[in-house]
$ cat protein-v1.cif   # mmCIF, N, CA and C atoms
data_final
#
loop_
_atom_site.label_atom_id
_atom_site.label_comp_id
_atom_site.auth_asym_id
_atom_site.auth_seq_id
_atom_site.Cartn_x
_atom_site.Cartn_y
_atom_site.Cartn_z
N MET A 27 48.56 -80.32 24.56
CA MET A 27 48.54 -79.40 23.43
C MET A 27 48.22 -78.00 23.95
N VAL A 28 48.24 -77.03 23.09
CA VAL A 28 48.02 -75.64 23.47
C VAL A 28 46.65 -75.15 23.00
N TYR A 29 46.24 -74.00 23.52
CA TYR A 29 45.00 -73.34 23.12
C TYR A 29 45.39 -72.09 22.33
N ALA A 30 44.81 -71.93 21.14
CA ALA A 30 45.16 -70.78 20.30
C ALA A 30 43.90 -70.19 19.67
N PHE A 31 43.92 -68.88 19.46
CA PHE A 31 42.80 -68.22 18.81
C PHE A 31 43.24 -66.95 18.10
N VAL A 32 42.39 -66.48 17.21
CA VAL A 32 42.54 -65.16 16.59
C VAL A 32 41.29 -64.37 16.94
N GLN A 33 41.48 -63.06 17.04
CA GLN A 33 40.36 -62.18 17.38
C GLN A 33 40.59 -60.84 16.67
N ASP A 34 39.63 -60.43 15.86
CA ASP A 34 39.68 -59.13 15.22
C ASP A 34 38.99 -58.13 16.14
N VAL A 35 39.68 -57.05 16.46
CA VAL A 35 39.15 -56.06 17.39
C VAL A 35 39.01 -54.72 16.70
N PRO A 36 37.90 -54.03 16.94
CA PRO A 36 37.62 -52.76 16.25
C PRO A 36 38.22 -51.56 16.98
N ILE A 37 39.52 -51.64 17.28
CA ILE A 37 40.19 -50.53 17.95
C ILE A 37 41.44 -50.18 17.17
N GLY A 38 41.98 -49.01 17.46
CA GLY A 38 43.22 -48.57 16.83
C GLY A 38 44.41 -48.80 17.75
N GLU A 39 45.57 -48.46 17.24
CA GLU A 39 46.80 -48.70 17.97
C GLU A 39 46.87 -47.90 19.27
N GLU A 40 46.34 -46.69 19.28
CA GLU A 40 46.41 -45.85 20.49
C GLU A 40 45.68 -46.51 21.66
N LEU A 41 44.46 -46.98 21.41
CA LEU A 41 43.71 -47.64 22.47
C LEU A 41 44.37 -48.96 22.86
N TYR A 42 44.90 -49.68 21.88
CA TYR A 42 45.62 -50.92 22.19
C TYR A 42 46.77 -50.64 23.14
N ARG A 43 47.53 -49.58 22.88
CA ARG A 43 48.68 -49.22 23.75
C ARG A 43 48.21 -48.90 25.16
N ARG A 44 47.04 -48.24 25.30
CA ARG A 44 46.50 -47.94 26.64
C ARG A 44 46.15 -49.24 27.37
N ILE A 45 45.58 -50.20 26.64
CA ILE A 45 45.25 -51.49 27.26
C ILE A 45 46.52 -52.18 27.75
N VAL A 46 47.54 -52.20 26.92
CA VAL A 46 48.81 -52.84 27.29
C VAL A 46 49.40 -52.16 28.52
N GLU A 47 49.32 -50.84 28.56
CA GLU A 47 49.82 -50.10 29.72
C GLU A 47 49.05 -50.48 30.98
N GLU A 48 47.73 -50.62 30.86
CA GLU A 48 46.90 -51.02 32.00
C GLU A 48 47.19 -52.45 32.46
N LEU A 49 47.60 -53.31 31.53
CA LEU A 49 47.93 -54.70 31.89
C LEU A 49 49.18 -54.76 32.77
N GLY A 50 50.09 -53.84 32.56
CA GLY A 50 51.33 -53.83 33.32
C GLY A 50 52.36 -54.78 32.75
N PRO A 51 53.57 -54.74 33.29
CA PRO A 51 54.68 -55.51 32.72
C PRO A 51 54.73 -56.98 33.11
N GLU A 52 53.97 -57.39 34.13
CA GLU A 52 54.05 -58.77 34.58
C GLU A 52 53.47 -59.71 33.53
N PRO A 53 54.20 -60.78 33.20
CA PRO A 53 53.67 -61.75 32.24
C PRO A 53 52.39 -62.39 32.78
N MET A 54 51.50 -62.73 31.88
CA MET A 54 50.28 -63.43 32.29
C MET A 54 50.55 -64.92 32.33
N GLU A 55 50.18 -65.54 33.43
CA GLU A 55 50.40 -66.97 33.60
C GLU A 55 49.68 -67.75 32.50
N GLY A 56 50.43 -68.58 31.81
CA GLY A 56 49.87 -69.41 30.76
C GLY A 56 49.94 -68.83 29.36
N SER A 57 50.28 -67.56 29.24
CA SER A 57 50.39 -66.94 27.92
C SER A 57 51.74 -67.31 27.29
N LEU A 58 51.69 -67.95 26.13
CA LEU A 58 52.90 -68.33 25.43
C LEU A 58 53.27 -67.32 24.35
N LEU A 59 52.25 -66.72 23.71
CA LEU A 59 52.50 -65.78 22.63
C LEU A 59 51.28 -64.89 22.42
N HIS A 60 51.52 -63.60 22.30
CA HIS A 60 50.46 -62.66 21.92
C HIS A 60 51.02 -61.80 20.81
N LEU A 61 50.38 -61.85 19.65
CA LEU A 61 50.74 -60.98 18.54
C LEU A 61 49.58 -60.04 18.29
N CYS A 62 49.88 -58.78 18.07
CA CYS A 62 48.87 -57.81 17.65
C CYS A 62 49.35 -57.29 16.30
N VAL A 63 48.54 -57.52 15.27
CA VAL A 63 48.92 -57.11 13.92
C VAL A 63 47.83 -56.22 13.34
N ARG A 64 48.23 -55.33 12.43
CA ARG A 64 47.27 -54.46 11.77
C ARG A 64 46.67 -55.18 10.58
N ARG A 65 45.35 -55.14 10.49
CA ARG A 65 44.65 -55.71 9.35
C ARG A 65 44.65 -54.69 8.21
N PRO A 66 44.45 -55.12 6.98
CA PRO A 66 44.43 -54.19 5.84
C PRO A 66 43.38 -53.08 5.98
N ASP A 67 42.27 -53.36 6.70
CA ASP A 67 41.23 -52.34 6.87
C ASP A 67 41.55 -51.36 8.00
N GLY A 68 42.69 -51.52 8.67
CA GLY A 68 43.10 -50.61 9.72
C GLY A 68 42.81 -51.11 11.12
N GLY A 69 41.92 -52.09 11.27
CA GLY A 69 41.65 -52.67 12.58
C GLY A 69 42.82 -53.54 13.02
N LEU A 70 42.68 -54.10 14.21
CA LEU A 70 43.74 -54.94 14.74
C LEU A 70 43.28 -56.38 14.85
N ARG A 71 44.23 -57.28 14.77
CA ARG A 71 43.97 -58.72 14.95
C ARG A 71 44.93 -59.22 16.02
N TYR A 72 44.36 -59.94 16.98
CA TYR A 72 45.18 -60.61 18.00
C TYR A 72 45.33 -62.06 17.60
N ILE A 73 46.53 -62.57 17.77
CA ILE A 73 46.82 -63.99 17.60
C ILE A 73 47.45 -64.43 18.92
N ASP A 74 46.76 -65.32 19.62
CA ASP A 74 47.20 -65.71 20.95
C ASP A 74 47.38 -67.21 21.06
N VAL A 75 48.40 -67.60 21.83
CA VAL A 75 48.67 -69.00 22.13
C VAL A 75 48.86 -69.10 23.64
N TRP A 76 48.10 -70.02 24.24
CA TRP A 76 48.13 -70.22 25.69
C TRP A 76 48.45 -71.68 26.00
N THR A 77 48.90 -71.91 27.22
CA THR A 77 49.17 -73.29 27.62
C THR A 77 47.89 -74.12 27.58
N ASP A 78 46.76 -73.49 27.95
CA ASP A 78 45.47 -74.18 27.91
C ASP A 78 44.35 -73.15 28.01
N GLU A 79 43.14 -73.58 27.71
CA GLU A 79 41.99 -72.68 27.68
C GLU A 79 41.66 -72.12 29.07
N GLN A 80 41.90 -72.90 30.11
CA GLN A 80 41.60 -72.44 31.46
C GLN A 80 42.51 -71.28 31.87
N ALA A 81 43.79 -71.35 31.52
CA ALA A 81 44.71 -70.25 31.83
C ALA A 81 44.29 -68.98 31.10
N CYS A 82 43.85 -69.14 29.87
CA CYS A 82 43.37 -68.00 29.09
C CYS A 82 42.13 -67.38 29.75
N ALA A 83 41.18 -68.20 30.14
CA ALA A 83 39.96 -67.71 30.77
C ALA A 83 40.27 -66.97 32.07
N ARG A 84 41.19 -67.51 32.88
CA ARG A 84 41.59 -66.84 34.12
C ARG A 84 42.20 -65.49 33.84
N ALA A 85 43.08 -65.42 32.83
CA ALA A 85 43.73 -64.16 32.49
C ALA A 85 42.71 -63.12 32.04
N PHE A 86 41.71 -63.54 31.26
CA PHE A 86 40.67 -62.60 30.84
C PHE A 86 39.88 -62.10 32.05
N ASP A 87 39.53 -63.00 32.95
CA ASP A 87 38.75 -62.61 34.13
C ASP A 87 39.55 -61.72 35.08
N GLU A 88 40.79 -62.10 35.33
CA GLU A 88 41.58 -61.44 36.37
C GLU A 88 42.38 -60.23 35.88
N ARG A 89 42.82 -60.22 34.63
CA ARG A 89 43.72 -59.15 34.18
C ARG A 89 43.23 -58.42 32.94
N ILE A 90 42.84 -59.17 31.91
CA ILE A 90 42.57 -58.53 30.62
C ILE A 90 41.31 -57.68 30.66
N HIS A 91 40.19 -58.24 31.08
CA HIS A 91 38.95 -57.46 31.12
C HIS A 91 39.05 -56.25 32.04
N PRO A 92 39.63 -56.37 33.25
CA PRO A 92 39.81 -55.16 34.08
C PRO A 92 40.68 -54.10 33.40
N ALA A 93 41.74 -54.52 32.70
CA ALA A 93 42.60 -53.56 32.00
C ALA A 93 41.85 -52.88 30.86
N VAL A 94 41.07 -53.65 30.12
CA VAL A 94 40.28 -53.08 29.02
C VAL A 94 39.26 -52.09 29.58
N ASP A 95 38.60 -52.45 30.68
CA ASP A 95 37.63 -51.55 31.31
C ASP A 95 38.30 -50.22 31.67
N ARG A 96 39.48 -50.29 32.28
CA ARG A 96 40.18 -49.05 32.65
C ARG A 96 40.59 -48.25 31.43
N ALA A 97 41.08 -48.92 30.39
CA ALA A 97 41.51 -48.23 29.17
C ALA A 97 40.34 -47.53 28.48
N PHE A 98 39.15 -48.12 28.57
CA PHE A 98 37.95 -47.53 27.98
C PHE A 98 37.29 -46.52 28.92
N GLY A 99 37.90 -46.28 30.06
CA GLY A 99 37.31 -45.36 31.01
C GLY A 99 36.05 -45.89 31.66
N GLY A 100 35.95 -47.20 31.78
CA GLY A 100 34.80 -47.83 32.43
C GLY A 100 33.61 -48.05 31.52
N SER A 101 33.74 -47.70 30.24
CA SER A 101 32.59 -47.84 29.33
C SER A 101 32.92 -48.75 28.15
N ARG A 102 33.48 -49.90 28.48
CA ARG A 102 33.82 -50.88 27.44
C ARG A 102 32.55 -51.33 26.73
N PRO A 103 32.59 -51.53 25.42
CA PRO A 103 31.41 -52.02 24.70
C PRO A 103 30.88 -53.30 25.34
N GLY A 104 29.57 -53.48 25.30
CA GLY A 104 28.95 -54.63 25.95
C GLY A 104 29.25 -55.97 25.31
N ALA A 105 29.49 -55.99 24.01
CA ALA A 105 29.73 -57.26 23.31
C ALA A 105 31.22 -57.45 23.05
N GLU A 106 31.67 -58.68 23.25
CA GLU A 106 33.06 -59.03 22.96
C GLU A 106 33.22 -59.31 21.47
N PRO A 107 34.37 -58.94 20.89
CA PRO A 107 34.63 -59.36 19.52
C PRO A 107 34.67 -60.89 19.44
N THR A 108 34.32 -61.43 18.31
CA THR A 108 34.30 -62.88 18.12
C THR A 108 35.70 -63.46 18.25
N VAL A 109 35.79 -64.55 18.98
CA VAL A 109 37.04 -65.29 19.13
C VAL A 109 36.94 -66.51 18.23
N ASP A 110 37.87 -66.64 17.30
CA ASP A 110 37.92 -67.80 16.43
C ASP A 110 39.01 -68.74 16.93
N ARG A 111 38.57 -69.83 17.55
CA ARG A 111 39.51 -70.81 18.07
C ARG A 111 40.22 -71.48 16.89
N LEU A 112 41.50 -71.72 17.05
CA LEU A 112 42.30 -72.38 16.02
C LEU A 112 42.50 -73.84 16.41
N GLU A 113 42.29 -74.73 15.47
CA GLU A 113 42.54 -76.14 15.72
C GLU A 113 44.03 -76.38 15.52
N VAL A 114 44.73 -76.58 16.61
CA VAL A 114 46.18 -76.75 16.56
C VAL A 114 46.50 -78.18 16.17
N ILE A 115 47.18 -78.33 15.05
CA ILE A 115 47.59 -79.64 14.55
C ILE A 115 48.98 -80.01 15.09
N ASP A 116 49.84 -79.01 15.17
CA ASP A 116 51.20 -79.21 15.66
C ASP A 116 51.67 -77.91 16.25
N ALA A 117 52.50 -77.98 17.26
CA ALA A 117 53.06 -76.79 17.88
C ALA A 117 54.50 -77.07 18.26
N SER A 118 55.38 -76.16 17.89
CA SER A 118 56.78 -76.31 18.28
C SER A 118 57.39 -74.93 18.38
N GLY A 119 58.49 -74.83 19.06
CA GLY A 119 59.18 -73.56 19.18
C GLY A 119 59.65 -73.31 20.60
N ALA A 120 60.50 -72.31 20.75
CA ALA A 120 61.15 -72.02 22.02
C ALA A 120 60.18 -71.56 23.10
N LEU A 121 59.02 -71.03 22.73
CA LEU A 121 58.08 -70.53 23.72
C LEU A 121 57.24 -71.62 24.38
N LEU A 122 57.24 -72.80 23.81
CA LEU A 122 56.40 -73.87 24.33
C LEU A 122 57.08 -74.59 25.50
N PRO A 123 56.27 -74.97 26.50
CA PRO A 123 56.85 -75.71 27.63
C PRO A 123 57.32 -77.09 27.17
N LEU A 124 58.31 -77.57 27.86
CA LEU A 124 58.86 -78.90 27.53
C LEU A 124 57.97 -80.00 28.05
#
$ encode --input "protein-v1.cif" --output "structure tokens"
Amino acid sequence: MVYAFVQDVPIGEELYRRIVEELGPEPMEGSLLHLCVRRPDGGLRYIDVWTDEQACARAFDERIHPAVDRAFGGSRPGAEPTVDRLEVIDASGALLPL
């Protein structure tokens, strides 16, 4: 099965774009889907689907956190936004491994 979560982040689109730029164009190993959507209050929500939780953790350690640090100019907030794990009942679609 897959690992999926949602995360509400207190940043705007401009900072999000800087983070994406810092991540670079190479796909992250294990990432099946990343959606960034605007919430009604103006903040952003990430919806992520990974092959497994370990691949997600590696990507955060090796790529995502360093990119966020650079985008924030080295002064990223000390606390991470809450990650709400989703209980996946079924998963299908072209992005999933066979």
$ residues_around --input "protein-v1.cif" --residues "region 37-44 of chain A" --least-positions-apart "3" --cutoff "6.5 Å" --atoms "only N, CA and C atoms" --output "list in words"
Glu47, Glu48, Leu49, Gly68, Gly69, Leu70 and Ala97 of chain A
$ closest_residue --input "protein-v1.cif" --among "A:Ile90, A:Leu112, A:Ala30, A:Ala105" --to "Asp74 (chain A)" --atoms "only C-alpha atoms"
A:Ala30
$ atom_distance --input "protein-v1.cif" --atom1 "atom N of Cys82 (chain A)" --atom2 "atom N of Glu113 (chain A)"
15.5 Å
$ resolve_selection --input "protein-v1.cif" --expression "the PyMOL selection byres (((chain A and resi 34 and name CA) around 10) and name CA)" --output "PDB file with N, CA and C atoms, in the coordinates of the input"
ATOM      1  N   VAL A  32      42.390 -66.480  17.210  1.00  0.00           N
ATOM      2  CA  VAL A  32      42.540 -65.160  16.590  1.00  0.00           C
ATOM      3  C   VAL A  32      41.290 -64.370  16.940  1.00  0.00           C
ATOM      4  N   GLN A  33      41.480 -63.060  17.040  1.00  0.00           N
ATOM      5  CA  GLN A  33      40.360 -62.180  17.380  1.00  0.00           C
ATOM      6  C   GLN A  33      40.590 -60.840  16.670  1.00  0.00           C
ATOM      7  N   VAL A  35      39.680 -57.050  16.460  1.00  0.00           N
ATOM      8  CA  VAL A  35      39.150 -56.060  17.390  1.00  0.00           C
ATOM      9  C   VAL A  35      39.010 -54.720  16.700  1.00  0.00           C
ATOM     10  N   PRO A  36      37.900 -54.030  16.940  1.00  0.00           N
ATOM     11  CA  PRO A  36      37.620 -52.760  16.250  1.00  0.00           C
ATOM     12  C   PRO A  36      38.220 -51.560  16.980  1.00  0.00           C
ATOM     13  N   ILE A  37      39.520 -51.640  17.280  1.00  0.00           N
ATOM     14  CA  ILE A  37      40.190 -50.530  17.950  1.00  0.00           C
ATOM     15  C   ILE A  37      41.440 -50.180  17.170  1.00  0.00           C
ATOM     16  N   CYS A  62      49.880 -58.780  18.070  1.00  0.00           N
ATOM     17  CA  CYS A  62      48.870 -57.810  17.650  1.00  0.00           C
ATOM     18  C   CYS A  62      49.350 -57.290  16.300  1.00  0.00           C
ATOM     19  N   VAL A  63      48.540 -57.520  15.270  1.00  0.00           N
ATOM     20  CA  VAL A  63      48.920 -57.110  13.920  1.00  0.00           C
ATOM     21  C   VAL A  63      47.830 -56.220  13.340  1.00  0.00           C
ATOM     22  N   ARG A  64      48.230 -55.330  12.430  1.00  0.00           N
ATOM     23  CA  ARG A  64      47.270 -54.460  11.770  1.00  0.00           C
ATOM     24  C   ARG A  64      46.670 -55.180  10.580  1.00  0.00           C
ATOM     25  N   ARG A  65      45.350 -55.140  10.490  1.00  0.00           N
ATOM     26  CA  ARG A  65      44.650 -55.710   9.350  1.00  0.00           C
ATOM     27  C   ARG A  65      44.650 -54.690   8.210  1.00  0.00           C
ATOM     28  N   GLY A  69      41.920 -52.090  11.270  1.00  0.00           N
ATOM     29  CA  GLY A  69      41.650 -52.670  12.580  1.00  0.00           C
ATOM     30  C   GLY A  69      42.820 -53.540  13.020  1.00  0.00           C
ATOM     31  N   LEU A  70      42.680 -54.100  14.210  1.00  0.00           N
ATOM     32  CA  LEU A  70      43.740 -54.940  14.740  1.00  0.00           C
ATOM     33  C   LEU A  70      43.280 -56.380  14.850  1.00  0.00           C
ATOM     34  N   ARG A  71      44.230 -57.280  14.770  1.00  0.00           N
ATOM     35  CA  ARG A  71      43.970 -58.720  14.950  1.00  0.00           C
ATOM     36  C   ARG A  71      44.930 -59.220  16.020  1.00  0.00           C
ATOM     37  N   TYR A  72      44.360 -59.940  16.980  1.00  0.00           N
ATOM     38  CA  TYR A  72      45.180 -60.610  18.000  1.00  0.00           C
ATOM     39  C   TYR A  72      45.330 -62.060  17.600  1.00  0.00           C
ATOM     40  N   ILE A  73      46.530 -62.570  17.770  1.00  0.00           N
ATOM     41  CA  ILE A  73      46.820 -63.990  17.600  1.00  0.00           C
ATOM     42  C   ILE A  73      47.450 -64.430  18.920  1.00  0.00           C
ATOM     43  N   PRO A 107      34.370 -58.940  20.890  1.00  0.00           N
ATOM     44  CA  PRO A 107      34.630 -59.360  19.520  1.00  0.00           C
ATOM     45  C   PRO A 107      34.670 -60.890  19.440  1.00  0.00           C
ATOM     46  N   THR A 108      34.320 -61.430  18.310  1.00  0.00           N
ATOM     47  CA  THR A 108      34.300 -62.880  18.120  1.00  0.00           C
ATOM     48  C   THR A 108      35.700 -63.460  18.250  1.00  0.00           C
ATOM     49  N   VAL A 109      35.790 -64.550  18.980  1.00  0.00           N
ATOM     50  CA  VAL A 109      37.040 -65.290  19.130  1.00  0.00           C
ATOM     51  C   VAL A 109      36.940 -66.510  18.230  1.00  0.00           C
ATOM     52  N   ASP A 110      37.870 -66.640  17.300  1.00  0.00           N
ATOM     53  CA  ASP A 110      37.920 -67.800  16.430  1.00  0.00           C
ATOM     54  C   ASP A 110      39.010 -68.740  16.930  1.00  0.00           C
TER      55      ASP A 110
END
$ closest_residue --input "protein-v1.cif" --among "A:Asp78, A:Gly50, A:Ala120, A:Ser57" --to "Tyr29 (chain A)" --atoms "all atoms listed in the file"
A:Asp78
$ atom_distance --input "protein-v1.cif" --atom1 "atom C of Glu55 (chain A)" --atom2 "atom C of Glu79 (chain A)"
9.8 Å
$ select_by_dssp --input "protein-v1.cif" --residues "chain A" --states "strand (DSSP E)" --output "ChimeraX atom specification"
/A:29-35,57-64,70-76,109-112
$ write_last_selection --input "protein-v1.cif" --atoms "N, CA and C atoms" --output "PDB file, keeping the file's coordinate frame"
ATOM      1  N   TYR A  29      46.240 -74.000  23.520  1.00  0.00           N
ATOM      2  CA  TYR A  29      45.000 -73.340  23.120  1.00  0.00           C
ATOM      3  C   TYR A  29      45.390 -72.090  22.330  1.00  0.00           C
ATOM      4  N   ALA A  30      44.810 -71.930  21.140  1.00  0.00           N
ATOM      5  CA  ALA A  30      45.160 -70.780  20.300  1.00  0.00           C
ATOM      6  C   ALA A  30      43.900 -70.190  19.670  1.00  0.00           C
ATOM      7  N   PHE A  31      43.920 -68.880  19.460  1.00  0.00           N
ATOM      8  CA  PHE A  31      42.800 -68.220  18.810  1.00  0.00           C
ATOM      9  C   PHE A  31      43.240 -66.950  18.100  1.00  0.00           C
ATOM     10  N   VAL A  32      42.390 -66.480  17.210  1.00  0.00           N
ATOM     11  CA  VAL A  32      42.540 -65.160  16.590  1.00  0.00           C
ATOM     12  C   VAL A  32      41.290 -64.370  16.940  1.00  0.00           C
ATOM     13  N   GLN A  33      41.480 -63.060  17.040  1.00  0.00           N
ATOM     14  CA  GLN A  33      40.360 -62.180  17.380  1.00  0.00           C
ATOM     15  C   GLN A  33      40.590 -60.840  16.670  1.00  0.00           C
ATOM     16  N   ASP A  34      39.630 -60.430  15.860  1.00  0.00           N
ATOM     17  CA  ASP A  34      39.680 -59.130  15.220  1.00  0.00           C
ATOM     18  C   ASP A  34      38.990 -58.130  16.140  1.00  0.00           C
ATOM     19  N   VAL A  35      39.680 -57.050  16.460  1.00  0.00           N
ATOM     20  CA  VAL A  35      39.150 -56.060  17.390  1.00  0.00           C
ATOM     21  C   VAL A  35      39.010 -54.720  16.700  1.00  0.00           C
ATOM     22  N   SER A  57      50.280 -67.560  29.240  1.00  0.00           N
ATOM     23  CA  SER A  57      50.390 -66.940  27.920  1.00  0.00           C
ATOM     24  C   SER A  57      51.740 -67.310  27.290  1.00  0.00           C
ATOM     25  N   LEU A  58      51.690 -67.950  26.130  1.00  0.00           N
ATOM     26  CA  LEU A  58      52.900 -68.330  25.430  1.00  0.00           C
ATOM     27  C   LEU A  58      53.270 -67.320  24.350  1.00  0.00           C
ATOM     28  N   LEU A  59      52.250 -66.720  23.710  1.00  0.00           N
ATOM     29  CA  LEU A  59      52.500 -65.780  22.630  1.00  0.00           C
ATOM     30  C   LEU A  59      51.280 -64.890  22.420  1.00  0.00           C
ATOM     31  N   HIS A  60      51.520 -63.600  22.300  1.00  0.00           N
ATOM     32  CA  HIS A  60      50.460 -62.660  21.920  1.00  0.00           C
ATOM     33  C   HIS A  60      51.020 -61.800  20.810  1.00  0.00           C
ATOM     34  N   LEU A  61      50.380 -61.850  19.650  1.00  0.00           N
ATOM     35  CA  LEU A  61      50.740 -60.980  18.540  1.00  0.00           C
ATOM     36  C   LEU A  61      49.580 -60.040  18.290  1.00  0.00           C
ATOM     37  N   CYS A  62      49.880 -58.780  18.070  1.00  0.00           N
ATOM     38  CA  CYS A  62      48.870 -57.810  17.650  1.00  0.00           C
ATOM     39  C   CYS A  62      49.350 -57.290  16.300  1.00  0.00           C
ATOM     40  N   VAL A  63      48.540 -57.520  15.270  1.00  0.00           N
ATOM     41  CA  VAL A  63      48.920 -57.110  13.920  1.00  0.00           C
ATOM     42  C   VAL A  63      47.830 -56.220  13.340  1.00  0.00           C
ATOM     43  N   ARG A  64      48.230 -55.330  12.430  1.00  0.00           N
ATOM     44  CA  ARG A  64      47.270 -54.460  11.770  1.00  0.00           C
ATOM     45  C   ARG A  64      46.670 -55.180  10.580  1.00  0.00           C
ATOM     46  N   LEU A  70      42.680 -54.100  14.210  1.00  0.00           N
ATOM     47  CA  LEU A  70      43.740 -54.940  14.740  1.00  0.00           C
ATOM     48  C   LEU A  70      43.280 -56.380  14.850  1.00  0.00           C
ATOM     49  N   ARG A  71      44.230 -57.280  14.770  1.00  0.00           N
ATOM     50  CA  ARG A  71      43.970 -58.720  14.950  1.00  0.00           C
ATOM     51  C   ARG A  71      44.930 -59.220  16.020  1.00  0.00           C
ATOM     52  N   TYR A  72      44.360 -59.940  16.980  1.00  0.00           N
ATOM     53  CA  TYR A  72      45.180 -60.610  18.000  1.00  0.00           C
ATOM     54  C   TYR A  72      45.330 -62.060  17.600  1.00  0.00           C
ATOM     55  N   ILE A  73      46.530 -62.570  17.770  1.00  0.00           N
ATOM     56  CA  ILE A  73      46.820 -63.990  17.600  1.00  0.00           C
ATOM     57  C   ILE A  73      47.450 -64.430  18.920  1.00  0.00           C
ATOM     58  N   ASP A  74      46.760 -65.320  19.620  1.00  0.00           N
ATOM     59  CA  ASP A  74      47.200 -65.710  20.950  1.00  0.00           C
ATOM     60  C   ASP A  74      47.380 -67.210  21.060  1.00  0.00           C
ATOM     61  N   VAL A  75      48.400 -67.600  21.830  1.00  0.00           N
ATOM     62  CA  VAL A  75      48.670 -69.000  22.130  1.00  0.00           C
ATOM     63  C   VAL A  75      48.860 -69.100  23.640  1.00  0.00           C
ATOM     64  N   TRP A  76      48.100 -70.020  24.240  1.00  0.00           N
ATOM     65  CA  TRP A  76      48.130 -70.220  25.690  1.00  0.00           C
ATOM     66  C   TRP A  76      48.450 -71.680  26.000  1.00  0.00           C
ATOM     67  N   VAL A 109      35.790 -64.550  18.980  1.00  0.00           N
ATOM     68  CA  VAL A 109      37.040 -65.290  19.130  1.00  0.00           C
ATOM     69  C   VAL A 109      36.940 -66.510  18.230  1.00  0.00           C
ATOM     70  N   ASP A 110      37.870 -66.640  17.300  1.00  0.00           N
ATOM     71  CA  ASP A 110      37.920 -67.800  16.430  1.00  0.00           C
ATOM     72  C   ASP A 110      39.010 -68.740  16.930  1.00  0.00           C
ATOM     73  N   ARG A 111      38.570 -69.830  17.550  1.00  0.00           N
ATOM     74  CA  ARG A 111      39.510 -70.810  18.070  1.00  0.00           C
ATOM     75  C   ARG A 111      40.220 -71.480  16.890  1.00  0.00           C
ATOM     76  N   LEU A 112      41.500 -71.720  17.050  1.00  0.00           N
ATOM     77  CA  LEU A 112      42.300 -72.380  16.020  1.00  0.00           C
ATOM     78  C   LEU A 112      42.500 -73.840  16.410  1.00  0.00           C
TER      79      LEU A 112
END
$ select_by_dssp --input "protein-v1.cif" --residues "chain A" --states "alpha helix (DSSP H)" --output "MDAnalysis selection string"
chainID A and resid 39:49 79:85 91:97
$ write_last_selection --input "protein-v1.cif" --atoms "N, CA and C atoms" --output "short mmCIF file (atom, residue, chain, number, x, y, z; two decimals), in the frame of the given file"
data_model
loop_
_atom_site.label_atom_id
_atom_site.label_comp_id
_atom_site.auth_asym_id
_atom_site.auth_seq_id
_atom_site.Cartn_x
_atom_site.Cartn_y
_atom_site.Cartn_z
N GLU A 39 45.57 -48.46 17.24
CA GLU A 39 46.80 -48.70 17.97
C GLU A 39 46.87 -47.90 19.27
N GLU A 40 46.34 -46.69 19.28
CA GLU A 40 46.41 -45.85 20.49
C GLU A 40 45.68 -46.51 21.66
N LEU A 41 44.46 -46.98 21.41
CA LEU A 41 43.71 -47.64 22.47
C LEU A 41 44.37 -48.96 22.86
N TYR A 42 44.90 -49.68 21.88
CA TYR A 42 45.62 -50.92 22.19
C TYR A 42 46.77 -50.64 23.14
N ARG A 43 47.53 -49.58 22.88
CA ARG A 43 48.68 -49.22 23.75
C ARG A 43 48.21 -48.90 25.16
N ARG A 44 47.04 -48.24 25.30
CA ARG A 44 46.50 -47.94 26.64
C ARG A 44 46.15 -49.24 27.37
N ILE A 45 45.58 -50.20 26.64
CA ILE A 45 45.25 -51.49 27.26
C ILE A 45 46.52 -52.18 27.75
N VAL A 46 47.54 -52.20 26.92
CA VAL A 46 48.81 -52.84 27.29
C VAL A 46 49.40 -52.16 28.52
N GLU A 47 49.32 -50.84 28.56
CA GLU A 47 49.82 -50.10 29.72
C GLU A 47 49.05 -50.48 30.98
N GLU A 48 47.73 -50.62 30.86
CA GLU A 48 46.90 -51.02 32.00
C GLU A 48 47.19 -52.45 32.46
N LEU A 49 47.60 -53.31 31.53
CA LEU A 49 47.93 -54.70 31.89
C LEU A 49 49.18 -54.76 32.77
N GLU A 79 43.14 -73.58 27.71
CA GLU A 79 41.99 -72.68 27.68
C GLU A 79 41.66 -72.12 29.07
N GLN A 80 41.90 -72.90 30.11
CA GLN A 80 41.60 -72.44 31.46
C GLN A 80 42.51 -71.28 31.87
N ALA A 81 43.79 -71.35 31.52
CA ALA A 81 44.71 -70.25 31.83
C ALA A 81 44.29 -68.98 31.10
N CYS A 82 43.85 -69.14 29.87
CA CYS A 82 43.37 -68.00 29.09
C CYS A 82 42.13 -67.38 29.75
N ALA A 83 41.18 -68.20 30.14
CA ALA A 83 39.96 -67.71 30.77
C ALA A 83 40.27 -66.97 32.07
N ARG A 84 41.19 -67.51 32.88
CA ARG A 84 41.59 -66.84 34.12
C ARG A 84 42.20 -65.49 33.84
N ALA A 85 43.08 -65.42 32.83
CA ALA A 85 43.73 -64.16 32.49
C ALA A 85 42.71 -63.12 32.04
N HIS A 91 40.19 -58.24 31.08
CA HIS A 91 38.95 -57.46 31.12
C HIS A 91 39.05 -56.25 32.04
N PRO A 92 39.63 -56.37 33.25
CA PRO A 92 39.81 -55.16 34.08
C PRO A 92 40.68 -54.10 33.40
N ALA A 93 41.74 -54.52 32.70
CA ALA A 93 42.60 -53.56 32.00
C ALA A 93 41.85 -52.88 30.86
N VAL A 94 41.07 -53.65 30.12
CA VAL A 94 40.28 -53.08 29.02
C VAL A 94 39.26 -52.09 29.58
N ASP A 95 38.60 -52.45 30.68
CA ASP A 95 37.63 -51.55 31.31
C ASP A 95 38.30 -50.22 31.67
N ARG A 96 39.48 -50.29 32.28
CA ARG A 96 40.18 -49.05 32.65
C ARG A 96 40.59 -48.25 31.43
N ALA A 97 41.08 -48.92 30.39
CA ALA A 97 41.51 -48.23 29.17
C ALA A 97 40.34 -47.53 28.48
#
$ atom_distance --input "protein-v1.cif" --atom1 "atom C of Gln80 (chain A)" --atom2 "atom N of Pro123 (chain A)"
15.2 Å
$ residues_around --input "protein-v1.cif" --residues "Met27 (chain A)" --least-positions-apart "3" --cutoff "8 Å" --atoms "only C-alpha atoms" --output "list of chain:residue names"
A:Thr77, A:Asp78, A:Val114, A:Ala117
